[in-house]
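This report concerns only the one structure given below.
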Amino acid sequence: MTEGLPETAEGNHRSGCTGTTRRDGGNKSVVAVGPGLSRHPDTAEFVRLLAAKCRLPLVIDADGLNAFEGKAGELSGRNRPLIITPHPGEMARITGLSTAQVQEDRVKIARDFATSHRCIVILKGAHTVVADRDGVVWITPPVILAWLRAAPGTS
């Protein structure tokens, strides 16, 4: 389910890593990258290389998204399904907008990014916005999220 990758002495991944960067992904059916990676330049380069070469469905979150700050043009789902899961601050970094601008029009920002980058955007927040590559948008009302957290047998 996970694949360890070579690290630098500082514990960062680097662009020369093998394994998941293979185009076919080996025996994997999906790749997820991001949480806990760090914002080190070598790691950011690794994430961008992975996104460029991987043809499997790819989910990018957290520090994986931060790798595209100022380089959002390299983030594309044209060659395979791509899902990004930013919070408003991460969305601001990859779009070059302020967090306040993202919050002012969450639906438009998510929809525009999803259609122009051919990906699915899950813009997290009190009203999580899910936008697909065709411009269809769903909004999760907070009451549903609160119910799911409180429902017996859920966590």
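To be explicit about the labels: the chains of the structure tokens are called A, B, and onward in the order shown, and within each one the residues are counted from 1, while ligands get numbers from 1 in the order they are shown.
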Neighbour list for Ile120 in chain A as a ChimeraX atom specification, cut-off 6 Å, only C-alpha atoms, skip fewer than 3 positions in-chain: /A:83,114,131-133
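For the choices A:Ser38, A:Gln101, A:Thr140, A:Asn79, the atom-to-atom distance to Asn66 in chain A is smallest for A:Ser38 when using only C-alpha atoms.
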Considering only C-alpha atoms, return as a list in words whatever protein or nucleic-acid residues lie within 12 Å of Gly135 in chain A, sequence-local ones (same chain, fewer than 4 positions apart) excluded. Val107, Lys108, Ile109, Ala110, Arg111, Asp112, Phe113, Ala114, Thr115, Ser116, His117, Arg118, Cys119, Ile120, Val121, Val129, Val130 and Ala131 of chain A
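Comparing the minimum interatomic distances between Lys124 in chain A and each of A:Leu58, A:Ile84, A:Val137, A:Ala32, counting only C-alpha atoms, we find that A:Ile84 sits nearest.
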Helix (DSSP H, G or I) positions in range 55-117 of chain A, given as a PyMOL selection string: chain A and resi 63-66+72-74+88-95+99-104+106-117
Take the residues just selected and output them with C-alpha atoms as a JSON list (two decimals), in the first residue's frame.
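Here's the written file selection.json:
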```json
[["chain", "number", "residue", "atom", "x", "y", "z"],
["A", 63, "ASP", "CA", 2.94, 19.61, 0.80],
["A", 64, "GLY", "CA", 2.35, 17.91, -2.53],
["A", 65, "LEU", "CA", 0.22, 20.91, -3.50],
["A", 66, "ASN", "CA", 2.76, 23.35, -2.10],
["A", 72, "ALA", "CA", 0.47, 25.63, -11.32],
["A", 73, "GLY", "CA", 0.90, 25.25, -15.08],
["A", 74, "GLU", "CA", 2.69, 21.96, -14.38],
["A", 88, "PRO", "CA", -7.99, 27.71, 1.13],
["A", 89, "GLY", "CA", -4.36, 28.59, 1.98],
["A", 90, "GLU", "CA", -2.98, 25.89, -0.32],
["A", 91, "MET", "CA", -5.42, 26.94, -3.05],
["A", 92, "ALA", "CA", -4.19, 30.51, -2.66],
["A", 93, "ARG", "CA", -0.56, 29.40, -3.04],
["A", 94, "ILE", "CA", -1.15, 27.38, -6.21],
["A", 95, "THR", "CA", -3.37, 30.03, -7.85],
["A", 99, "THR", "CA", -6.60, 33.28, 0.95],
["A", 100, "ALA", "CA", -9.24, 36.02, 1.27],
["A", 101, "GLN", "CA", -9.76, 36.02, -2.51],
["A", 102, "VAL", "CA", -10.19, 32.24, -2.52],
["A", 103, "GLN", "CA", -12.70, 32.46, 0.33],
["A", 104, "GLU", "CA", -14.67, 35.23, -1.41],
["A", 106, "ARG", "CA", -14.80, 29.39, -3.49],
["A", 107, "VAL", "CA", -17.08, 27.93, -6.17],
["A", 108, "LYS", "CA", -15.66, 30.03, -9.03],
["A", 109, "ILE", "CA", -12.04, 29.49, -7.96],
["A", 110, "ALA", "CA", -12.51, 25.71, -7.65],
["A", 111, "ARG", "CA", -14.49, 25.43, -10.91],
["A", 112, "ASP", "CA", -12.08, 27.57, -12.91],
["A", 113, "PHE", "CA", -9.05, 25.63, -11.67],
["A", 114, "ALA", "CA", -10.70, 22.26, -12.27],
["A", 115, "THR", "CA", -11.69, 23.06, -15.83],
["A", 116, "SER", "CA", -8.46, 24.77, -16.85],
["A", 117, "HIS", "CA", -6.23, 22.05, -15.31]]
```
Can you pull out every residue within 8 Å of Arg48 in chain A, counting only C-alpha atoms, but drop anything in the same chain fewer than 4 positions away, and send it as number ranges by chain? A: 44, 52, 67-68, 74-75
Give the strand (DSSP E) residues of range 6-136 of chain A, as assigned by DSSP on the backbone, as an MDAnalysis selection string. chainID A and resid 31:33 58:60 82:84 120:123 128:131
For each of A:Gly70, A:Pro81, A:Pro57, A:Pro86, take the minimum atom-to-atom distance to Pro35 in chain A, counting only C-alpha atoms, then give the residue where this is smallest. A:Pro86
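Counting only C-alpha atoms and comparing A:Glu69, A:Asp105, A:Asp61, A:Asp134, the residue that lies closest to Pro41 in chain A is A:Glu69.
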Distance CA of Glu45 in chain A-CA of Lys28 in chain A, one decimal place? 21.9 Å
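Of the residues under consideration (A:Val31, A:Cys54, A:Ile139, A:Ile122), A:Val31 shows the shortest atom-to-atom contact distance to Glu3 in chain A when counting only C-alpha atoms.
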A straight line from CA of Arg80 in chain A to CA of His40 in chain A spans 26.3 Å
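Among the candidates A:Ala126, A:Leu56, A:Val30, A:Leu37, the residue lying nearest to Glu7 in chain A is A:Leu37 (atoms considered: only C-alpha atoms).
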